[in-house]
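A.B. asks: Coordinates in input-v5.cif, mmCIF, C-alpha atoms, are listed below.
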data_final
#
loop_
_atom_site.group_PDB
_atom_site.id
_atom_site.type_symbol
_atom_site.label_atom_id
_atom_site.label_comp_id
_atom_site.auth_asym_id
_atom_site.auth_seq_id
_atom_site.Cartn_x
_atom_site.Cartn_y
_atom_site.Cartn_z
ATOM 1 C CA MET A 1 -17.434 -27.976 -5.436
ATOM 2 C CA TYR A 2 -17.493 -25.111 -2.970
ATOM 3 C CA ASN A 3 -20.047 -22.337 -3.115
ATOM 4 C CA THR A 4 -17.931 -19.210 -3.538
ATOM 5 C CA THR A 5 -20.802 -16.785 -4.067
ATOM 6 C CA PHE A 6 -20.550 -15.346 -0.573
ATOM 7 C CA TYR A 7 -16.810 -15.848 -0.126
ATOM 8 C CA ARG A 8 -15.111 -12.699 1.102
ATOM 9 C CA ASP A 9 -11.614 -12.221 -0.184
ATOM 10 C CA MET A 10 -9.556 -10.951 2.744
ATOM 11 C CA ASN A 11 -7.147 -9.198 0.367
ATOM 12 C CA THR A 12 -9.879 -6.828 -0.792
ATOM 13 C CA SER A 13 -11.024 -5.729 2.629
ATOM 14 C CA ASN A 14 -12.364 -2.212 3.049
ATOM 15 C CA ASP A 15 -10.908 -1.863 6.540
ATOM 16 C CA PRO A 16 -8.895 1.382 6.524
ATOM 17 C CA ASN A 17 -6.368 0.030 9.038
ATOM 18 C CA GLN A 18 -5.632 -2.942 6.799
ATOM 19 C CA LEU A 19 -5.391 -0.732 3.717
ATOM 20 C CA ALA A 20 -2.996 1.577 5.563
ATOM 21 C CA ASP A 21 -0.822 -1.367 6.596
ATOM 22 C CA GLU A 22 -0.751 -2.740 3.042
ATOM 23 C CA ASN A 23 0.304 0.612 1.626
ATOM 24 C CA PHE A 24 2.997 1.098 4.285
ATOM 25 C CA VAL A 25 4.424 -2.299 3.273
ATOM 26 C CA LYS A 26 4.332 -1.315 -0.406
ATOM 27 C CA ALA A 27 6.058 1.980 0.403
ATOM 28 C CA GLU A 28 8.825 0.099 2.229
ATOM 29 C CA HIS A 29 9.250 -2.190 -0.770
ATOM 30 C CA PHE A 30 9.606 0.732 -3.152
ATOM 31 C CA GLU A 31 12.041 2.424 -0.777
ATOM 32 C CA ARG A 32 14.265 -0.674 -0.917
ATOM 33 C CA MET A 33 13.958 -0.774 -4.708
ATOM 34 C CA LYS A 34 14.799 2.935 -4.869
ATOM 35 C CA MET A 35 17.952 2.468 -2.803
ATOM 36 C CA ALA A 36 18.961 -0.603 -4.810
ATOM 37 C CA ASN A 37 18.838 1.530 -7.956
ATOM 38 C CA ALA A 38 20.616 4.573 -6.551
ATOM 39 C CA ASN A 39 23.073 4.517 -9.451
ATOM 40 C CA ASN A 40 20.287 4.656 -12.070
ATOM 41 C CA PRO A 41 18.541 8.054 -11.908
ATOM 42 C CA VAL A 42 15.553 7.007 -14.026
ATOM 43 C CA LEU A 43 14.697 3.967 -11.922
ATOM 44 C CA PHE A 44 15.577 5.772 -8.698
ATOM 45 C CA PHE A 45 12.999 8.483 -9.324
ATOM 46 C CA GLN A 46 10.374 6.041 -10.616
ATOM 47 C CA PHE A 47 10.635 4.019 -7.408
ATOM 48 C CA ALA A 48 10.725 7.217 -5.329
ATOM 49 C CA GLU A 49 7.461 8.289 -6.948
ATOM 50 C CA GLN A 50 5.844 4.938 -6.131
ATOM 51 C CA GLU A 51 7.152 5.105 -2.571
ATOM 52 C CA TYR A 52 5.689 8.586 -2.080
ATOM 53 C CA TYR A 53 2.354 7.533 -3.605
ATOM 54 C CA HIS A 54 1.930 4.539 -1.287
ATOM 55 C CA GLN A 55 3.036 6.534 1.761
ATOM 56 C CA ALA A 56 0.418 9.163 0.947
ATOM 57 C CA LEU A 57 -2.279 6.495 0.548
ATOM 58 C CA ALA A 58 -1.261 4.853 3.811
ATOM 59 C CA HIS A 59 -1.490 8.136 5.690
ATOM 60 C CA ARG A 60 -4.851 8.855 4.087
ATOM 61 C CA TYR A 61 -6.279 5.492 5.160
ATOM 62 C CA GLN A 62 -4.765 5.923 8.613
ATOM 63 C CA GLY A 63 -6.543 9.269 8.917
ATOM 64 C CA ILE A 64 -9.826 7.690 7.834
ATOM 65 C CA ALA A 65 -9.395 4.962 10.456
ATOM 66 C CA HIS A 66 -8.717 7.502 13.206
ATOM 67 C CA ALA A 67 -11.709 9.595 12.175
ATOM 68 C CA ALA A 68 -13.963 6.526 12.244
ATOM 69 C CA GLU A 69 -12.876 5.716 15.814
ATOM 70 C CA ARG A 70 -14.275 8.984 17.154
#
Please re-express this file's structure in structure tokens.

C.D. replies:
Amino acid sequence: MYNTTFYRDMNTSNDPNQLADENFVKAEHFERMKMANANNPVLFFQFAEQEYYHQALAHRYQGIAHAAER
């Protein structure tokens, strides 16, 4: 059996560049879901809200990454 006490899960990284990339990908996904549901106003706006949320998070993490580089 492997010792997983010190295993670092790469999906839970605290690197702001990685978090920005993940949220940009999520925003793109919700944009596609939004457009796929253009004929359903309720789903359209729910997906639009999620898209906006993940875009905002991505830009926030991107700003943190740029500030850390200085």

A.B. asks: Might you pull out every residue within 6 Å of Lys34 in chain A, with only C-alpha atoms counted and same-chain residues fewer than 4 positions away left off, and present them as a VMD selection string?

C.D. replies: chain A and resid 30 44 47 to 48

A.B. asks: Using Å and a single decimal, report how far CA of Ala27 in chain A sits from CA of His54 in chain A.

C.D. replies: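 Pair CA of His54 in chain A / CA of Ala27 in chain A returns 5.1 Å.
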
A.B. asks: What does the PyMOL selection byres ((chain A and resi 59) around 12) select in this file, as a list in words?

C.D. replies: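 Listing what the PyMOL selection byres ((chain A and resi 59) around 12) selects in the shown file: Pro16, Asn17, Gln18, Leu19, Ala20, Asp21, Glu22, Asn23, Phe24, Ala27, Tyr52, Tyr53, His54, Gln55, Ala56, Leu57, Ala58, Arg60, Tyr61, Gln62, Gly63, Ile64, Ala65 and His66 of chain A.
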
A.B. asks: Could you tell me how far CA of Asp15 in chain A sits from CA of Ala67 in chain A, in Å to one decimal place?

C.D. replies: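 Spanning CA of Ala67 in chain A to CA of Asp15 in chain A is a straight-line distance of 12.8 Å.
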
A.B. asks: By how many Å are CA of Arg70 in chain A and CA of Val25 in chain A apart?

C.D. replies: 25.9 Å

A.B. asks: Around the point (17.3, 2.3, -1.8), in the coordinates given by the file, pick out the residues reaching within 12 Å, counting all atoms listed in the file, and return them as a VMD selection string.

C.D. replies: chain A and resid 27 to 41 43 to 48 51
